[in-house]
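Enquirer: Got a structure for you, questions after.
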Amino acid sequence: MRKNYFVKLVKYMKNVYQIDHGLNQLSDGRVNPTYCTGQVILPVLLGFLLRIKSFNELNFMIKNNEFSKLFPRGTKLPKIDAIRDTLKVMDIDGLKQVNQNIVKTAVENKVFDNGTIDGYTVVAIDGTKFFGSNKKSCPECLKNTKGNKIHSFHSGAVISTVGKGPKLVIGFEMYKPGEDSASKDEGELNVAKRLLSSIMKRQKRLMDVVVYDALACNSVWINHCKNLGIGTIVRAKNNNNKSLRSARKKTNKSKTVDVWEDERGFEKVEVYESIFTMDNVEQPLRFVKFAMKHKDKKRTQIMIVTTCNDMALKTLFKIIRARWDIENSIFNNLKSECGLEHCFVHGGNAVEAVLNLIFISSNITQLFLVRRLRDHFTTQREMVRLLLKGLYLMKYKDELVFSSS
């Protein structure tokens with residue numbers, strides 16, 4: 001095989017992002033453990049890089065010594081029970097620090113120097129469900145009833161870069177039962193506020209604009225973003241407060257401010273705009289409507305509210321459409337290819353630990369694909385197929401990338 005992509009990937013994550021050093025700094029709550037924390041966590045991370053969808057797959061790979069050539073001869077890897085027990089008592093802050101270092105290194109390597117959309121580095125926030133099960137649960141689970149069955153699941157908000165370049169998960173925040181409302185609007189918005197506040201403390205230099213869906217079209221979110229010093233763009237609701245209804249009517253009656261012929265994907269896009277003041281928000285806001293005529297003659301529209309008063313209309317249009325990157329490149333991809341909805345393990349810190357490892361593996365894969373392979377593969381599934389082939393074809397003479405200590 002001329003190119004062993006698995007060897008290249010492992011060397012890349014070691015040499016550029018010092019993953020081995022980060023894993024060696026991890027700790028957990030076990031007493032007199034046989035294996036150090038990094039030794040236990042490394043096979044899980046490798047499994048997620050290879051898109052395992054259950055711990056049964058990982059257990060099969062460990063039993064068949066498929067990772068043996070990554071370590072010195074004779075190195076023993078932990079059993080799957082030891083992995084589960086360790087995940088339950090993991091130091092979550094240590095795992096978060098590993099991901100923060102990946103993002104920080106990407107920034108230092110000028111991955112986003114030209115922005116992700118027209119010079120702006122744009123991030124999106126969205127909520128999703130994790131690890132649903134009708135059988136397994138833990139005290140932190142959210143629950144709903146489906147027929148005669150009680151469905152347990154976890155939920156949270158995720159923030160990631162969107163637009164050009166790698167789609168990196170910068171962080172996530174879990175729902176807290178009893179603290180966050182069961183209502184989607186209230187609960188998810190509360191979680192999203194906590195998430196954005198924590199990320200702005202660590203990655204403020206990275207983000208110029210945050211984009212969110214219609215549940216954030218309110219004074220609470222807009223004032224929160226203003227206080228944090230970041231611009232925001234949100235979809236406009238159809239049934240919102242009086243000031244927003246008035247702005248929508250005013251915009252609908254106004255003349256077009258711009259018309260784009262043969263815009264990418266559309267036959268024509270007509271743009272309408274007005275300035276208004278939302279209830280309980282001091283600064284003036286822009287209300288913009290994009291009326292799109294598709295090439296099949298179908299007509300749709302997107303309405304947004306934004307604090308970015310000086311941003312070009314075409315840039316606003318690109319950003320609100322790029323919001324779907326978090327769904328397509330993060331959630332849909334990881335749910336179909338990496339078991340994001342599968343209940344790997346419950347109890348203690350296990351859920352957050354697994355989520356951190358899934359997102360770390362996603363970030364490494366995105367950076368490797370964009371920075372080293374230059375989007376050489378048509379799909380990530382094709383890349384994973386070649387990674388697995390490279391794992392099987394490794395030889396002991398290949399440079400060892402992880403020590404046993």
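Following the order of the structure tokens, chains are lettered A, B, ..., residues in each are numbered from 1, and ligands are numbered from 1.
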List as a Markdown table every residue of segment 193-301 of chain A that is in contact with segment 98-118 of chain A, defined as an atom at most 9 Å from one of its atoms (using only C-alpha atoms), together with the nearest atom pair and the distance in Å rounded to one decimal, sorted by chain and then rising number.

Expert:
| residue | atom | partner | partner_atom | distance |
| --- | --- | --- | --- | --- |
| A:Arg202 | CA | A:Gln100 | CA | 8.2 |
| A:Gln203 | CA | A:Lys104 | CA | 7.9 |
| A:Arg205 | CA | A:Val107 | CA | 9.0 |
| A:Leu206 | CA | A:Val107 | CA | 7.2 |
| A:Asp208 | CA | A:Gly115 | CA | 8.8 |

Enquirer: Can you pull out every residue within 10 Å of Lys237 of chain A, counting only C-alpha atoms, but drop anything in the same chain fewer than 3 positions away, and send it as a list in words?

Expert: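 Counting only C-alpha atoms, the residues come to Asp213, Ala214, Leu215, Ala216, Cys217, Asn218, Val234, Asn240, Asn241, Leu244, Arg245, Arg248, Met303, Ile304 and Val305 of chain A.
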
Enquirer: Could you write out the selected residues, including C-alpha atoms, as an mmCIF file, in the first residue's frame?

Expert:
data_model
loop_
_atom_site.group_PDB
_atom_site.id
_atom_site.type_symbol
_atom_site.label_atom_id
_atom_site.label_comp_id
_atom_site.auth_asym_id
_atom_site.auth_seq_id
_atom_site.Cartn_x
_atom_site.Cartn_y
_atom_site.Cartn_z
ATOM 1 C CA ASP A 213 -32.289 29.022 15.104
ATOM 2 C CA ALA A 214 -35.661 30.661 15.775
ATOM 3 C CA LEU A 215 -35.985 29.730 19.454
ATOM 4 C CA ALA A 216 -33.271 32.330 20.182
ATOM 5 C CA CYS A 217 -35.193 35.151 18.481
ATOM 6 C CA ASN A 218 -35.872 37.022 21.702
ATOM 7 C CA VAL A 234 -31.064 34.276 14.460
ATOM 8 C CA ASN A 240 -43.155 36.482 18.183
ATOM 9 C CA ASN A 241 -43.597 39.695 20.156
ATOM 10 C CA LEU A 244 -41.109 41.771 15.747
ATOM 11 C CA ARG A 245 -44.522 41.437 14.100
ATOM 12 C CA ARG A 248 -42.038 41.932 9.670
ATOM 13 C CA MET A 303 -36.238 35.878 7.769
ATOM 14 C CA ILE A 304 -33.508 36.859 10.221
ATOM 15 C CA VAL A 305 -32.857 39.283 13.050
#

Enquirer: So that I can see what lies close to Ile199 of chain A, please list as a ChimeraX atom specification the residues with an atom at most 12 Å from it, counting only C-alpha atoms and leaving out residues fewer than 6 positions away in the same chain.

Expert: /A:96,100,103,123,125,158-160,169-173,192-193,205-207,210,228,230

Enquirer: Looking at only C-alpha atoms, which of A:Cys141, A:Leu357, A:Met292, A:Leu9 is the one that sits closest to Met383 of chain A?

Expert: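 The closest residue to Met383 of chain A is A:Leu9.
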
Enquirer: Can you tell me, as a PyMOL selection string, which residues in segment 73-247 of chain A count as alpha helix (DSSP H) by DSSP?

Expert: chain A and resi 80-88+92-108+184-203+219-228+242-247

Enquirer: Tell me which protein, DNA and RNA residues are within 9 Å of Thr306 of chain A, counting only C-alpha atoms, leaving out same-chain ones fewer than 4 positions away, and put them as an MDAnalysis selection string.

Expert: chainID A and resid 222 231:235 285:288 316

Enquirer: Suppose you want the space between atom CA of Asn356 of chain A and atom CA of Phe368 of chain A; what is it in Å?

Expert: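 Taking atom CA of Asn356 of chain A as the start and atom CA of Phe368 of chain A as the end point, the length is 18.2 Å.
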
Enquirer: Do you know which residues are at most 10 Å from segment 14-26 of chain A counting only C-alpha atoms, after dropping those on the same chain fewer than 6 positions away, and could you put them as a ChimeraX atom specification?

Expert: /A:8,36-42,45,90-95,97-99,101-106,109,360,364,401-403,405

Enquirer: Generate a file of the selected residues that holds N, CA and C atoms, formatted as a compact mmCIF listing (two decimals), in the first residue's frame.

Expert:
# COMPACT_ATOMS: atom_id res chain seq x y z
N LYS A 8 -0.50 7.84 8.98
CA LYS A 8 -0.43 9.30 8.81
C LYS A 8 -1.32 10.03 9.82
N CYS A 36 -2.98 3.14 33.75
CA CYS A 36 -3.16 4.58 33.93
C CYS A 36 -4.32 5.05 33.07
N THR A 37 -4.83 6.23 33.36
CA THR A 37 -6.03 6.73 32.69
C THR A 37 -5.82 6.83 31.18
N GLY A 38 -4.68 7.33 30.76
CA GLY A 38 -4.42 7.49 29.33
C GLY A 38 -4.44 6.17 28.59
N GLN A 39 -3.90 5.09 29.22
CA GLN A 39 -3.92 3.78 28.58
C GLN A 39 -5.33 3.25 28.38
N VAL A 40 -6.23 3.60 29.32
CA VAL A 40 -7.61 3.14 29.22
C VAL A 40 -8.37 3.93 28.16
N ILE A 41 -8.12 5.23 28.10
CA ILE A 41 -8.89 6.11 27.22
C ILE A 41 -8.43 6.02 25.77
N LEU A 42 -7.14 5.74 25.54
CA LEU A 42 -6.60 5.73 24.18
C LEU A 42 -7.33 4.75 23.24
N LEU A 45 -10.59 6.32 22.14
CA LEU A 45 -10.39 7.39 21.15
C LEU A 45 -10.07 6.81 19.78
N MET A 90 -14.17 9.39 35.34
CA MET A 90 -13.23 10.24 34.62
C MET A 90 -13.27 11.67 35.11
N ASP A 91 -12.11 12.33 35.05
CA ASP A 91 -12.03 13.78 35.26
C ASP A 91 -12.43 14.46 33.96
N ILE A 92 -13.66 14.98 33.93
CA ILE A 92 -14.19 15.58 32.69
C ILE A 92 -13.40 16.81 32.28
N ASP A 93 -12.95 17.59 33.26
CA ASP A 93 -12.19 18.81 32.94
C ASP A 93 -10.93 18.48 32.14
N GLY A 94 -10.31 17.34 32.45
CA GLY A 94 -9.11 16.95 31.71
C GLY A 94 -9.41 16.66 30.25
N LEU A 95 -10.53 15.98 29.99
CA LEU A 95 -10.92 15.69 28.61
C LEU A 95 -11.28 16.98 27.87
N GLN A 97 -10.02 19.81 28.41
CA GLN A 97 -8.77 20.51 28.14
C GLN A 97 -8.08 19.95 26.90
N VAL A 98 -8.19 18.63 26.69
CA VAL A 98 -7.63 18.02 25.48
C VAL A 98 -8.26 18.64 24.24
N ASN A 99 -9.59 18.77 24.25
CA ASN A 99 -10.27 19.36 23.09
C ASN A 99 -9.94 20.84 22.94
N ASN A 101 -7.20 22.27 23.72
CA ASN A 101 -5.85 22.37 23.16
C ASN A 101 -5.85 22.12 21.65
N ILE A 102 -6.74 21.21 21.19
CA ILE A 102 -6.85 20.97 19.75
C ILE A 102 -7.34 22.23 19.05
N VAL A 103 -8.38 22.85 19.59
CA VAL A 103 -8.92 24.07 18.99
C VAL A 103 -7.90 25.20 19.06
N LYS A 104 -7.23 25.32 20.20
CA LYS A 104 -6.22 26.38 20.37
C LYS A 104 -5.08 26.20 19.36
N THR A 105 -4.63 24.97 19.18
CA THR A 105 -3.56 24.70 18.22
C THR A 105 -4.01 25.00 16.80
N ALA A 106 -5.27 24.66 16.49
CA ALA A 106 -5.80 24.97 15.16
C ALA A 106 -5.79 26.48 14.91
N ASN A 109 -2.27 27.61 14.35
CA ASN A 109 -1.82 27.19 13.02
C ASN A 109 -2.55 27.91 11.89
N ILE A 360 -13.76 14.93 20.20
CA ILE A 360 -12.32 15.03 19.96
C ILE A 360 -11.95 14.27 18.68
N ILE A 364 -10.31 15.88 15.21
CA ILE A 364 -9.06 15.40 14.62
C ILE A 364 -9.29 14.96 13.17
N VAL A 401 3.89 4.90 17.94
CA VAL A 401 3.38 6.23 18.22
C VAL A 401 2.92 6.41 19.65
N PHE A 402 2.73 5.30 20.39
CA PHE A 402 2.31 5.41 21.79
C PHE A 402 3.14 4.47 22.64
N SER A 403 3.61 4.99 23.74
CA SER A 403 4.40 4.16 24.65
C SER A 403 3.47 3.49 25.64
N SER A 405 3.85 3.56 28.86
CA SER A 405 3.88 4.21 30.18
C SER A 405 2.74 5.19 30.32

Enquirer: Between A:Glu327, A:Val122, A:Ser246, A:His151, which residue has the minimum interatomic distance to Cys138 of chain A, considering only C-alpha atoms?

Expert: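 Using only C-alpha atoms, the shortest distance to Cys138 of chain A belongs to A:His151.
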
Enquirer: Which residues are close to Glu140 of chain A, i.e. within 8 Å by only C-alpha atoms, leaving aside same-chain residues fewer than 3 positions away? Reply as number ranges by chain.

Expert: A: 154, 176-177

Enquirer: Would you output that residue set with N, CA and C atoms, as a PDB file, in the first residue's frame?

Expert:
ATOM      1  N   HIS A 154     -30.250  11.621  27.066  1.00  0.00           N
ATOM      2  CA  HIS A 154     -29.562  12.836  27.491  1.00  0.00           C
ATOM      3  C   HIS A 154     -29.705  13.869  26.382  1.00  0.00           C
ATOM      4  N   LYS A 176     -29.448  19.989  32.609  1.00  0.00           N
ATOM      5  CA  LYS A 176     -29.399  19.594  34.010  1.00  0.00           C
ATOM      6  C   LYS A 176     -30.823  19.391  34.509  1.00  0.00           C
ATOM      7  N   PRO A 177     -31.236  18.130  34.724  1.00  0.00           N
ATOM      8  CA  PRO A 177     -32.603  17.870  35.192  1.00  0.00           C
ATOM      9  C   PRO A 177     -32.889  18.610  36.489  1.00  0.00           C
TER      10      PRO A 177
END

Enquirer: Find the residue from A:Ser133, A:Gln301, A:Thr256, A:Asn227 that sits nearest to Ile150 of chain A; use only C-alpha atoms when measuring.

Expert: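 Under the stated criterion, the closest residue is A:Ser133.
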
Enquirer: Calculate how many Å separate atom CA of Gln366 of chain A from atom CA of Pro166 of chain A, rounding to one decimal.

Expert: 5.2 Å

Enquirer: I'd like the interatomic distance between atom CA of Glu273 of chain A and atom CA of Ser254 of chain A, to a tenth of an Å.

Expert: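 For atom CA of Glu273 of chain A relative to atom CA of Ser254 of chain A, the distance reads 7.7 Å.
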
Enquirer: Find the residues around Ile52 of chain A up to 6 Å (only C-alpha atoms counted), leave out those fewer than 4 positions away in its own chain, and share them as a list in words.

Expert: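 Residues near the query, excluding close chain neighbours: Gly47, Phe48 and Cys338 of chain A.
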